[in-house]
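K.L.:
Contents of structure21.tsv (TSV, C-alpha atoms and all ligand atoms) are below:
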chain	number	residue	atom	x	y	z
W	1	MET	CA	-28.39	3.88	-51.80
W	2	GLN	CA	-28.76	5.64	-48.45
W	3	GLU	CA	-31.53	3.24	-47.54
W	4	ARG	CA	-29.43	0.23	-48.29
W	5	ILE	CA	-26.57	1.65	-46.21
W	6	ASP	CA	-28.93	2.30	-43.30
W	7	GLU	CA	-30.13	-1.29	-43.42
W	8	LEU	CA	-26.59	-2.59	-43.44
W	9	LEU	CA	-25.70	-0.39	-40.51
W	10	ALA	CA	-28.70	-1.50	-38.44
W	11	ALA	CA	-28.00	-5.20	-39.11
W	12	ALA	CA	-24.30	-4.82	-38.32
W	13	ARG	CA	-24.99	-2.96	-35.09
W	14	ALA	CA	-27.50	-5.56	-33.94
W	15	GLU	CA	-25.00	-8.33	-34.60
W	16	LEU	CA	-22.22	-6.45	-32.88
W	17	SER	CA	-24.17	-6.17	-29.65
W	18	GLN	CA	-24.27	-10.00	-29.54
W	19	ALA	CA	-20.53	-10.46	-29.96
W	20	GLY	CA	-19.10	-11.60	-26.63
W	21	SER	CA	-15.55	-12.69	-27.40
W	22	ASP	CA	-12.47	-11.57	-29.28
W	23	ALA	CA	-13.12	-14.27	-31.89
W	24	ALA	CA	-16.69	-13.07	-32.39
W	25	LEU	CA	-15.45	-9.50	-32.78
W	26	GLU	CA	-12.98	-10.55	-35.43
W	27	ALA	CA	-15.63	-12.53	-37.32
W	28	TRP	CA	-17.89	-9.50	-37.20
W	29	ARG	CA	-15.13	-7.25	-38.49
W	30	VAL	CA	-14.47	-9.56	-41.44
W	31	ALA	CA	-18.19	-9.81	-42.19
W	32	HIS	CA	-18.98	-6.11	-42.02
W	33	LEU	CA	-15.77	-4.26	-42.74
W	34	GLY	CA	-13.72	-6.89	-44.60
W	35	ARG	CA	-12.92	-6.99	-48.30
W	36	ARG	CA	-15.96	-9.13	-49.09
W	37	SER	CA	-18.40	-7.23	-46.94
W	38	ALA	CA	-21.50	-5.59	-48.38
W	39	LEU	CA	-20.22	-2.17	-47.37
W	40	THR	CA	-16.92	-2.66	-49.19
W	41	GLY	CA	-18.96	-3.81	-52.18
W	42	ILE	CA	-20.93	-0.59	-52.09
W	43	LEU	CA	-17.77	1.50	-51.85
W	44	ARG	CA	-16.35	-0.32	-54.87
W	45	SER	CA	-19.48	0.11	-56.93
W	46	ILE	CA	-19.51	3.88	-56.48
W	47	ARG	CA	-17.31	4.44	-59.54
W	48	ASP	CA	-20.04	2.80	-61.66
W	49	LEU	CA	-22.60	5.37	-60.56
W	50	PRO	CA	-23.49	8.38	-62.67
W	51	PRO	CA	-20.96	11.15	-61.83
W	52	ASP	CA	-23.50	13.41	-60.10
W	53	GLU	CA	-24.42	10.67	-57.60
W	54	ARG	CA	-20.90	9.55	-56.76
W	55	ARG	CA	-20.05	12.26	-54.28
W	56	ALA	CA	-23.09	11.81	-52.05
W	57	ALA	CA	-22.89	8.02	-52.19
W	58	GLY	CA	-19.18	8.07	-51.40
W	59	GLN	CA	-19.71	10.28	-48.41
W	60	ALA	CA	-22.56	8.13	-47.10
W	61	ALA	CA	-20.64	4.88	-47.49
W	62	ASN	CA	-17.50	6.26	-45.88
W	63	ALA	CA	-19.47	7.70	-42.99
W	64	ALA	CA	-21.08	4.28	-42.53
W	65	ARG	CA	-17.69	2.60	-42.54
W	66	GLN	CA	-16.34	5.02	-40.01
W	67	SER	CA	-19.31	4.62	-37.71
W	68	LEU	CA	-18.95	0.81	-37.82
W	69	GLU	CA	-15.25	1.07	-37.01
W	70	GLU	CA	-16.03	3.28	-34.05
W	71	ALA	CA	-18.75	0.93	-32.85
W	72	LEU	CA	-16.30	-1.96	-33.07
W	73	ALA	CA	-13.65	-0.14	-31.02
W	74	ALA	CA	-16.21	0.88	-28.41
W	75	HIS	CA	-17.58	-2.62	-28.09
W	76	ARG	CA	-14.11	-4.12	-27.82
W	77	ASP	CA	-13.37	-1.68	-25.03
W	78	SER	CA	-16.51	-2.45	-23.08
W	79	LEU	CA	-15.90	-6.20	-23.52
W	80	SER	CA	-12.44	-6.02	-22.03
W	81	ARG	CA	-13.74	-4.00	-19.12
W	82	ARG	CA	-16.51	-6.43	-18.37
W	83	GLU	CA	-16.74	-7.65	-14.81
W	84	ASP	CA	-16.31	-11.31	-13.94
W	85	GLU	CA	-18.96	-13.21	-11.97
W	86	SER	CA	-17.63	-12.11	-8.60
W	87	GLY	CA	-18.31	-8.51	-9.53
W	88	ALA	CA	-14.65	-7.60	-9.63
W	89	ASP	CA	-13.38	-5.60	-12.55
W	90	VAL	CA	-10.84	-8.06	-13.92
W	91	THR	CA	-9.22	-5.42	-16.05
W	92	MET	CA	-8.30	-3.14	-13.16
W	93	PRO	CA	-4.55	-2.90	-12.65
W	94	GLY	CA	-3.35	-5.23	-9.88
W	95	TYR	CA	-1.68	-4.24	-6.65
W	96	PRO	CA	2.10	-4.47	-6.98
W	97	VAL	CA	3.45	-7.43	-5.02
W	98	ARG	CA	6.17	-6.33	-2.63
W	99	LEU	CA	9.00	-8.77	-2.10
W	100	GLY	CA	9.51	-9.65	1.54
W	101	ARG	CA	12.99	-9.56	3.00
W	102	LEU	CA	14.72	-10.98	6.03
W	103	HIS	CA	14.75	-9.05	9.27
W	104	PRO	CA	18.21	-7.55	9.89
W	105	LEU	CA	18.59	-9.67	13.02
W	106	THR	CA	17.76	-12.83	11.10
W	107	ARG	CA	20.37	-11.90	8.53
W	108	THR	CA	22.95	-11.19	11.22
W	109	LEU	CA	22.16	-14.42	13.03
W	110	ARG	CA	22.47	-16.43	9.83
W	111	GLU	CA	25.76	-14.77	9.05
W	112	ILE	CA	27.16	-15.51	12.51
W	113	ARG	CA	26.16	-19.15	12.11
W	114	ALA	CA	27.65	-19.33	8.62
W	115	VAL	CA	30.95	-17.90	9.84
W	116	LEU	CA	31.27	-20.34	12.74
W	117	ALA	CA	29.89	-23.47	11.10
W	118	PRO	CA	33.06	-24.19	9.07
W	119	LEU	CA	35.04	-24.20	12.33
W	120	GLY	CA	32.86	-27.08	13.48
W	121	PHE	CA	30.35	-25.23	15.66
W	122	ARG	CA	26.95	-26.85	15.46
W	123	ALA	CA	23.90	-24.78	16.46
W	124	VAL	CA	21.79	-26.08	19.35
W	125	SER	CA	19.04	-24.50	21.39
W	126	GLY	CA	17.67	-24.58	24.93
W	127	PRO	CA	14.59	-23.37	26.80
W	128	GLU	CA	13.89	-19.67	27.37
W	129	VAL	CA	12.04	-20.47	30.60
W	130	GLU	CA	14.92	-21.86	32.60
W	131	TRP	CA	15.74	-23.26	36.01
W	132	ASP	CA	17.81	-21.16	38.35
W	133	ARG	CA	20.09	-24.20	38.48
W	134	TYR	CA	21.13	-23.87	34.83
W	135	ASN	CA	21.01	-20.11	34.53
W	136	PHE	CA	23.10	-19.60	37.70
W	137	GLU	CA	23.97	-22.54	39.98
W	138	LEU	CA	25.79	-24.80	37.55
W	139	LEU	CA	27.57	-21.76	36.13
W	140	ASN	CA	29.25	-21.16	39.46
W	141	ILE	CA	26.84	-18.47	40.60
W	142	PRO	CA	25.33	-19.65	43.91
W	143	ALA	CA	22.21	-18.02	45.31
W	144	ASP	CA	24.10	-15.66	47.60
W	145	HIS	CA	26.76	-14.77	45.06
W	146	PRO	CA	27.13	-11.04	44.41
W	147	ALA	CA	27.68	-11.79	40.70
W	148	ARG	CA	23.93	-12.38	40.45
W	149	ASP	CA	23.71	-8.60	40.25
W	150	MET	CA	25.27	-8.84	36.80
W	151	TRP	CA	21.98	-10.15	35.48
W	152	ASP	CA	18.72	-8.39	36.34
W	153	THR	CA	16.41	-11.33	36.26
W	154	PHE	CA	12.73	-11.87	35.54
W	155	HIS	CA	11.74	-14.46	38.13
W	156	LEU	CA	8.63	-16.49	37.48
W	157	GLN	CA	8.13	-16.97	41.22
W	158	GLN	CA	8.27	-14.54	44.09
W	159	GLN	CA	11.51	-15.54	45.76
W	160	ALA	CA	14.83	-16.43	44.21
W	161	ARG	CA	15.56	-19.97	45.35
W	162	PRO	CA	17.65	-22.62	43.65
W	163	GLY	CA	14.54	-24.46	42.49
W	164	ASP	CA	13.09	-21.37	40.84
W	165	LEU	CA	11.99	-20.85	37.30
W	166	LEU	CA	13.05	-17.70	35.52
W	167	LEU	CA	13.48	-16.26	32.06
W	168	ARG	CA	17.04	-17.01	31.11
W	169	THR	CA	19.27	-13.95	31.31
W	170	HIS	CA	21.84	-15.34	28.87
W	171	THR	CA	22.39	-18.35	26.62
W	172	SER	CA	25.11	-19.70	28.93
W	173	PRO	CA	22.74	-22.17	30.70
W	174	VAL	CA	22.77	-24.15	27.46
W	175	GLN	CA	26.50	-24.72	28.01
W	176	ALA	CA	25.61	-26.79	31.07
W	177	ARG	CA	22.70	-28.50	29.33
W	178	VAL	CA	24.89	-29.60	26.43
W	179	MET	CA	27.77	-30.77	28.62
W	180	GLU	CA	25.38	-32.80	30.75
W	181	GLN	CA	24.25	-34.62	27.62
W	182	VAL	CA	27.42	-35.28	25.65
W	183	ARG	CA	31.04	-36.22	26.27
W	184	PRO	CA	33.83	-34.09	24.79
W	185	PRO	CA	34.76	-33.03	22.22
W	186	VAL	CA	32.05	-30.35	22.27
W	187	ARG	CA	31.76	-27.56	19.77
W	188	VAL	CA	28.41	-25.79	19.76
W	189	ILE	CA	26.89	-22.39	19.27
W	190	VAL	CA	23.61	-21.44	20.92
W	191	PRO	CA	21.60	-18.73	19.22
W	192	GLY	CA	18.58	-17.66	21.23
W	193	LYS	CA	16.42	-15.13	23.03
W	194	VAL	CA	17.35	-13.88	26.47
W	195	TYR	CA	15.53	-11.64	28.95
W	196	ARG	CA	16.66	-9.00	31.41
W	197	TYR	CA	14.82	-6.78	33.80
W	198	GLU	CA	16.23	-3.61	32.28
W	199	ASN	CA	15.20	-0.07	31.70
W	200	ARG	CA	14.98	0.07	27.95
W	201	ASP	CA	17.03	2.71	26.18
W	202	ALA	CA	19.00	3.11	22.95
W	203	SER	CA	21.43	0.37	23.95
W	204	HIS	CA	19.33	-1.83	26.28
W	205	GLU	CA	16.37	-4.04	25.53
W	206	SER	CA	14.66	-6.33	28.02
W	207	GLU	CA	14.40	-9.00	25.33
W	208	PHE	CA	17.29	-9.54	23.00
W	209	MET	CA	19.32	-12.26	21.33
W	210	GLN	CA	22.64	-13.84	22.09
W	211	VAL	CA	24.87	-16.38	20.43
W	212	GLU	CA	26.83	-18.50	22.85
W	213	GLY	CA	29.89	-20.45	21.76
W	214	LEU	CA	31.41	-23.43	23.57
W	215	ALA	CA	34.37	-25.63	22.71
W	216	ILE	CA	35.59	-28.36	25.06
W	217	ASP	CA	38.29	-30.93	24.41
W	218	GLU	CA	41.68	-32.01	25.64
W	219	HIS	CA	44.40	-29.43	25.02
W	220	ILE	CA	42.22	-26.44	24.21
W	221	THR	CA	43.97	-23.20	25.13
W	222	MET	CA	43.29	-19.50	25.11
W	223	ALA	CA	45.13	-19.35	21.78
W	224	ASP	CA	42.24	-21.35	20.29
W	225	LEU	CA	39.82	-18.79	21.67
W	226	ARG	CA	41.88	-15.98	20.18
W	227	GLY	CA	42.09	-17.71	16.81
W	228	THR	CA	38.37	-18.41	16.72
W	229	LEU	CA	37.42	-14.85	17.62
W	230	THR	CA	39.95	-13.34	15.22
W	231	HIS	CA	38.45	-15.39	12.41
W	232	PHE	CA	35.00	-14.32	13.55
W	233	VAL	CA	35.62	-10.54	13.56
W	234	ARG	CA	37.45	-10.67	10.23
W	235	ALA	CA	34.72	-12.70	8.56
W	236	MET	CA	32.02	-10.40	9.95
W	237	PHE	CA	33.71	-7.01	9.72
W	238	GLY	CA	36.49	-7.31	7.15
W	239	PRO	CA	39.97	-8.82	6.83
W	240	ASP	CA	41.73	-5.82	8.40
W	241	ARG	CA	40.15	-6.21	11.85
W	242	GLU	CA	42.47	-6.83	14.78
W	243	LEU	CA	41.38	-8.59	17.94
W	244	ARG	CA	42.26	-7.42	21.42
W	245	ILE	CA	41.54	-9.32	24.61
W	246	ARG	CA	41.16	-7.51	27.93
W	247	ALA	CA	40.75	-8.99	31.38
W	248	SER	CA	37.21	-9.15	32.66
W	249	TYR	CA	35.09	-11.13	35.07
W	250	PHE	CA	32.42	-13.80	34.64
W	251	PRO	CA	31.82	-16.41	37.36
W	252	PHE	CA	31.80	-19.26	34.83
W	253	THR	CA	35.10	-18.49	33.09
W	254	GLU	CA	38.65	-18.22	34.35
W	255	PRO	CA	40.37	-16.26	33.06
W	256	SER	CA	37.54	-14.09	31.72
W	257	ALA	CA	37.92	-11.70	28.85
W	258	GLU	CA	36.27	-8.87	27.02
W	259	ALA	CA	37.02	-9.20	23.30
W	260	GLU	CA	37.43	-6.03	21.31
W	261	MET	CA	38.09	-5.45	17.64
W	262	SER	CA	39.79	-2.54	15.94
W	263	CYS	CA	37.07	-0.13	14.85
W	264	HIS	CA	35.69	-1.00	11.42
W	265	ALA	CA	34.51	2.57	10.87
W	266	CYS	CA	37.87	4.37	11.35
W	267	ASP	CA	40.23	1.38	11.14
W	268	GLY	CA	41.42	2.04	14.67
W	269	GLY	CA	42.16	5.72	14.31
W	270	GLY	CA	39.40	6.82	16.65
W	271	CYS	CA	35.95	8.09	15.67
W	272	SER	CA	32.45	8.49	17.08
W	273	VAL	CA	31.58	4.81	16.49
W	274	CYS	CA	34.38	3.62	18.80
W	275	GLY	CA	34.16	6.59	21.15
W	276	GLY	CA	37.55	7.78	20.00
W	277	SER	CA	39.42	4.76	21.34
W	278	GLY	CA	39.83	2.89	18.06
W	279	TRP	CA	38.49	-0.29	19.70
W	280	ILE	CA	35.01	-1.74	19.95
W	281	GLU	CA	33.90	-4.23	22.54
W	282	ILE	CA	32.06	-7.06	20.85
W	283	LEU	CA	31.66	-9.97	23.26
W	284	GLY	CA	32.43	-11.63	26.59
W	285	ALA	CA	34.51	-14.78	26.70
W	286	GLY	CA	36.91	-16.88	28.69
W	287	MET	CA	38.18	-20.34	29.54
W	288	VAL	CA	35.43	-22.46	31.04
W	289	HIS	CA	35.80	-22.45	34.84
W	290	PRO	CA	36.98	-25.81	36.29
W	291	THR	CA	34.05	-25.69	38.72
W	292	VAL	CA	31.60	-25.53	35.81
W	293	LEU	CA	33.31	-28.51	34.18
W	294	ALA	CA	33.15	-30.45	37.45
W	295	ASN	CA	29.48	-29.47	37.92
W	296	VAL	CA	28.53	-31.25	34.71
W	297	GLY	CA	30.74	-34.27	35.42
W	298	TYR	CA	33.73	-33.41	33.24
W	299	ASP	CA	37.19	-33.97	34.74
W	300	PRO	CA	38.85	-30.52	34.68
W	301	GLU	CA	42.25	-32.23	34.77
W	302	VAL	CA	41.53	-33.83	31.42
W	303	TYR	CA	39.23	-31.41	29.66
W	304	GLN	CA	39.20	-27.68	29.23
W	305	GLY	CA	37.80	-25.26	26.75
W	306	PHE	CA	36.56	-21.80	25.98
W	307	ALA	CA	33.20	-20.08	25.85
W	308	PHE	CA	32.02	-16.79	24.46
W	309	GLY	CA	28.73	-14.94	24.34
W	310	MET	CA	27.70	-12.06	22.10
W	311	GLY	CA	24.64	-9.89	21.66
W	312	VAL	CA	23.20	-10.31	18.18
W	313	GLU	CA	21.63	-6.84	18.21
W	314	ARG	CA	24.96	-5.30	19.09
W	315	ILE	CA	26.69	-7.07	16.19
W	316	ALA	CA	23.90	-5.98	13.86
W	317	MET	CA	24.06	-2.38	15.12
W	318	LEU	CA	27.79	-2.26	14.44
W	319	LYS	CA	27.44	-3.92	11.06
W	320	TYR	CA	24.61	-1.74	9.79
W	321	GLY	CA	25.30	1.48	11.70
W	322	VAL	CA	22.08	1.29	13.71
W	323	THR	CA	22.20	3.59	16.72
W	324	ASP	CA	19.08	2.54	18.65
W	325	ILE	CA	18.56	-1.11	19.59
W	326	ARG	CA	14.81	-0.54	19.83
W	327	SER	CA	14.63	0.00	16.06
W	328	PHE	CA	14.86	-3.76	15.58
W	329	TYR	CA	11.61	-4.34	17.42
W	330	ARG	CA	9.44	-1.44	16.26
W	331	ASN	CA	8.35	-3.16	13.05
W	332	ASP	CA	8.67	0.14	11.22
W	333	LEU	CA	8.75	-0.77	7.54
W	334	ARG	CA	10.74	2.34	6.71
W	335	PHE	CA	13.52	0.88	8.86
W	336	LEU	CA	13.13	-2.74	7.82
W	337	ARG	CA	13.05	-2.05	4.08
W	338	GLN	CA	16.58	-0.68	4.19
W	339	PHE	CA	18.08	-4.14	4.62
W	340	HIS	CA	18.45	-6.03	1.36
O	401	LIG	N1	26.84	-15.02	29.44
O	401	LIG	C1	27.65	-13.83	29.45
O	401	LIG	C2	26.70	-12.63	29.45
O	401	LIG	O1	25.59	-12.73	29.06
O	401	LIG	C3	28.56	-13.78	28.25
O	401	LIG	C4	29.61	-14.86	28.30
O	401	LIG	C5	29.38	-16.08	27.70
O	401	LIG	C6	30.83	-14.63	28.90
O	401	LIG	C7	30.34	-17.07	27.72
O	401	LIG	C8	31.78	-15.59	28.94
O	401	LIG	C9	31.55	-16.82	28.36
O	401	LIG	O2	27.08	-11.54	29.87
Please render this file's structure as structure tokens.
P.N.:
Amino acid sequence: MQERIDELLAAARAELSQAGSDAALEAWRVAHLGRRSALTGILRSIRDLPPDERRAAGQAANAARQSLEEALAAHRDSLSRREDESGADVTMPGYPVRLGRLHPLTRTLREIRAVLAPLGFRAVSGPEVEWDRYNFELLNIPADHPARDMWDTFHLQQQARPGDLLLRTHTSPVQARVMEQVRPPVRVIVPGKVYRYENRDASHESEFMQVEGLAIDEHITMADLRGTLTHFVRAMFGPDRELRIRASYFPFTEPSAEAEMSCHACDGGGCSVCGGSGWIEILGAGMVHPTVLANVGYDPEVYQGFAFGMGVERIAMLKYGVTDIRSFYRNDLRFLRQFH
């Protein structure tokens, strides 16, 4: 009996080492451990043996069965761990795939566009390397004008002359570019990168983004500007925001304004976000200067309109409570992953 069992075991083991697939393993299991297998036959026949042989035979057959079951499990394991042709262990757990997400500035920019689009503002773009003429001259800032000090400029040539190339210091030059191309009515926004020769700190970057807005038609008034900006701050910062307009100065608008909204953090009561005043400055704006209109060939007696310009980083900082503008450009994943 023991001999027969040993033979069976040897044959089964030899066959098992050849099995290379799940199907082959299953066929082997049926053949060697199944109801019709030789080993099962032996186990069944034990009761026909003389009583004094049963115990030893039973133990031998059961041990054989157990060893075959173990061999099967071990082989199945080694099969599933087998390497593919490239040498990679195909059963190793994979690396988790991290979902990418939009940069907070991209999200803010998209939101600004989505808020203004229903009012009819179409997004256009212009060059970042710009002529002095568009960045300054046509915007009523001649070469000797002290207002040039408002924008610390990267010049691409040594001397500042009207024919010079520079990195645009704001998106306002695109106002002139658009008006040169189309007749009123005009309603555009200009999202884009701008450059200033600044000392970088928590609230200043030398490269940042702006969104310009421009609306020109007959009969546009400052009330339209107010209405547009009120809609904007409420859509961006909540329905309870109030808008306040304070006198300011830009060479290309008259009158010029600084738009402020009631603080979204304290609802106007005064807190650290608004410096205790209850109001937060969010953008520069004004009615397009008649000289600018004339410069692009519009008749200021017929057409007028408003313009505004905002810093995208500033809007994003207010929206997300970011206190250092440089965080947006450090590519620190611990920062970026916080924006869903
Ligand atoms: N271009 C101005 C700036 O960068 C902002 C502005 C745009 C002001 C349009 C008025 C009208 O400071």
K.L.:
Work out how far CA of Arg110 in chain W is from CA of Phe250 in chain W, in Å to one decimal.
P.N.:
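Separating CA of Phe250 in chain W from CA of Arg110 in chain W is a distance of 26.9 Å.
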K.L.:
Quick one: residues within 9 Å of ligand LIG 401 (chain O), with all atoms listed in the file, as a PyMOL selection string?
P.N.:
chain W and resi 150-151+169-173+175+194+210-214+249-253+256-258+283-288+306-311
K.L.:
For the residues in the current selection, export C-alpha atoms as a JSON list (two decimals), in the frame of the given file.
P.N.:
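Okay, again38.json is ready:
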[["chain", "number", "residue", "atom", "x", "y", "z"],
["W", 150, "MET", "CA", 25.27, -8.84, 36.80],
["W", 151, "TRP", "CA", 21.98, -10.15, 35.48],
["W", 169, "THR", "CA", 19.27, -13.95, 31.31],
["W", 170, "HIS", "CA", 21.84, -15.34, 28.87],
["W", 171, "THR", "CA", 22.39, -18.35, 26.62],
["W", 172, "SER", "CA", 25.11, -19.70, 28.93],
["W", 173, "PRO", "CA", 22.74, -22.17, 30.70],
["W", 175, "GLN", "CA", 26.50, -24.72, 28.01],
["W", 194, "VAL", "CA", 17.35, -13.88, 26.47],
["W", 210, "GLN", "CA", 22.64, -13.84, 22.09],
["W", 211, "VAL", "CA", 24.87, -16.38, 20.43],
["W", 212, "GLU", "CA", 26.83, -18.50, 22.85],
["W", 213, "GLY", "CA", 29.89, -20.45, 21.76],
["W", 214, "LEU", "CA", 31.41, -23.43, 23.57],
["W", 249, "TYR", "CA", 35.09, -11.13, 35.07],
["W", 250, "PHE", "CA", 32.42, -13.80, 34.64],
["W", 251, "PRO", "CA", 31.82, -16.41, 37.36],
["W", 252, "PHE", "CA", 31.80, -19.26, 34.83],
["W", 253, "THR", "CA", 35.10, -18.49, 33.09],
["W", 256, "SER", "CA", 37.54, -14.09, 31.72],
["W", 257, "ALA", "CA", 37.92, -11.70, 28.85],
["W", 258, "GLU", "CA", 36.27, -8.87, 27.02],
["W", 283, "LEU", "CA", 31.66, -9.97, 23.26],
["W", 284, "GLY", "CA", 32.43, -11.63, 26.59],
["W", 285, "ALA", "CA", 34.51, -14.78, 26.70],
["W", 286, "GLY", "CA", 36.91, -16.88, 28.69],
["W", 287, "MET", "CA", 38.18, -20.34, 29.54],
["W", 288, "VAL", "CA", 35.43, -22.46, 31.04],
["W", 306, "PHE", "CA", 36.56, -21.80, 25.98],
["W", 307, "ALA", "CA", 33.20, -20.08, 25.85],
["W", 308, "PHE", "CA", 32.02, -16.79, 24.46],
["W", 309, "GLY", "CA", 28.73, -14.94, 24.34],
["W", 310, "MET", "CA", 27.70, -12.06, 22.10],
["W", 311, "GLY", "CA", 24.64, -9.89, 21.66]]
K.L.:
Which distance in Å separates CA of Phe154 in chain W and CA of Tyr197 in chain W, to one decimal?
P.N.:
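Between CA of Phe154 in chain W and CA of Tyr197 in chain W the gap is 5.8 Å.
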K.L.:
Please compute the CA of Glu207 in chain W-CA of Glu313 in chain W distance, one decimal, in Å.
P.N.:
10.4 Å
K.L.:
Out of W:Ala215, W:Ala259, W:Ala61, W:Ala19, which residue has the shortest atom-to-atom distance to Arg122 in chain W when counting only C-alpha atoms?
P.N.:
W:Ala215
K.L.:
I want to know what sits within 6 Å of Ser206 in chain W, based on all atoms listed in the file, with residues of the same chain fewer than 5 positions away left out; could you give that as a list in words?
P.N.:
Tyr195, Arg196, Tyr197 and Glu198 of chain W
K.L.:
Extract, using only C-alpha atoms, all DNA, RNA and protein residues at most 8 Å from Ala176 in chain W, discarding same-chain residues fewer than 4 positions from it, and format them as a PyMOL selection string.
P.N.:
chain W and resi 134+138-139+172+180+292+296
K.L.:
Pick out the residues sitting within 9 Å of Gly269 in chain W, and hand them over as JSON, numbers by chain; count only C-alpha atoms, and ignore anything fewer than 5 positions along from it in its own chain.
P.N.:
{"W": [262, 263, 276, 277, 278, 279]}
K.L.:
Find the spatial neighbours of Pro239 in chain W, counting all atoms listed in the file, within a cut-off of 12 Å - ignore same-chain residues fewer than 5 positions away - and output them as a PyMOL selection string.
P.N.:
chain W and resi 230-234+261-262+264+267
K.L.:
So, counting all atoms listed in the file, which residue among W:Cys266, W:Ala64, W:Val182, W:Ile282 is closest to Ile245 in chain W?
P.N.:
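Checking each of W:Cys266, W:Ala64, W:Val182, W:Ile282 against Ile245 in chain W, counting all atoms listed in the file, the winner is W:Ile282.
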K.L.:
What lies within 10 Å of Pro300 in chain W using all atoms listed in the file, ignoring chain neighbours under 4 positions off, as a PDB file with C-alpha atoms, keeping the file's coordinate frame?
P.N.:
ATOM      1  CA  GLU W 218      41.680 -32.010  25.640  1.00  0.00           C
ATOM      2  CA  VAL W 288      35.430 -22.460  31.040  1.00  0.00           C
ATOM      3  CA  HIS W 289      35.800 -22.450  34.840  1.00  0.00           C
ATOM      4  CA  PRO W 290      36.980 -25.810  36.290  1.00  0.00           C
ATOM      5  CA  THR W 291      34.050 -25.690  38.720  1.00  0.00           C
ATOM      6  CA  VAL W 292      31.600 -25.530  35.810  1.00  0.00           C
ATOM      7  CA  LEU W 293      33.310 -28.510  34.180  1.00  0.00           C
ATOM      8  CA  ALA W 294      33.150 -30.450  37.450  1.00  0.00           C
ATOM      9  CA  ASN W 295      29.480 -29.470  37.920  1.00  0.00           C
ATOM     10  CA  GLN W 304      39.200 -27.680  29.230  1.00  0.00           C
ATOM     11  CA  GLY W 305      37.800 -25.260  26.750  1.00  0.00           C
TER      12      GLY W 305
END
K.L.:
Give the centre and edge lengths of an axis-aligned box, in Å to one decimal, that holds all listed atoms of range 203-216 of chain W with 5 Å on each side, as JSON.
P.N.:
{"center_x": 25.0, "center_y": -14.0, "center_z": 24.2, "size_x": 31.2, "size_y": 38.7, "size_z": 17.6}
K.L.:
With only C-alpha atoms as the atoms that count, which of W:Ala63, W:Val178, W:Leu225, W:Val129 lies nearest to Leu166 in chain W?
P.N.:
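Looking only at the distances to Leu166 in chain W, the closest residue turns out to be W:Val129.
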K.L.:
In terms of the shortest atom-to-atom distance over only C-alpha atoms, which of W:Leu229, W:Phe208, W:Ser80, W:Glu111 is closest to Glu128 in chain W?
P.N.:
W:Phe208
K.L.:
Given the choices W:Asp52, W:Glu130, W:Asp22, W:Glu254, which gets closest to Arg168 in chain W if the distance is worked out from only C-alpha atoms?
P.N.:
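Result for the nearest residue to Arg168 in chain W: W:Glu130.
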K.L.:
Using only C-alpha atoms, pick whichever of W:Leu9, W:Ala265, W:His340, W:Glu15 has the shortest atom-to-atom distance to Gln66 in chain W.
P.N.:
W:Leu9
K.L.:
Using all atoms listed in the file, find all polymer residues with an atom at most 10 Å away from the point (12.6, -6.8, -1.7); report them as a PDB file with C-alpha atoms, in the frame of the given file.
P.N.:
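Now in result.pdb:
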ATOM      1  CA  VAL W  97       3.450  -7.430  -5.020  1.00  0.00           C
ATOM      2  CA  ARG W  98       6.170  -6.330  -2.630  1.00  0.00           C
ATOM      3  CA  LEU W  99       9.000  -8.770  -2.100  1.00  0.00           C
ATOM      4  CA  GLY W 100       9.510  -9.650   1.540  1.00  0.00           C
ATOM      5  CA  ARG W 101      12.990  -9.560   3.000  1.00  0.00           C
ATOM      6  CA  LEU W 102      14.720 -10.980   6.030  1.00  0.00           C
ATOM      7  CA  ARG W 337      13.050  -2.050   4.080  1.00  0.00           C
ATOM      8  CA  GLN W 338      16.580  -0.680   4.190  1.00  0.00           C
ATOM      9  CA  PHE W 339      18.080  -4.140   4.620  1.00  0.00           C
ATOM     10  CA  HIS W 340      18.450  -6.030   1.360  1.00  0.00           C
TER      11      HIS W 340
END
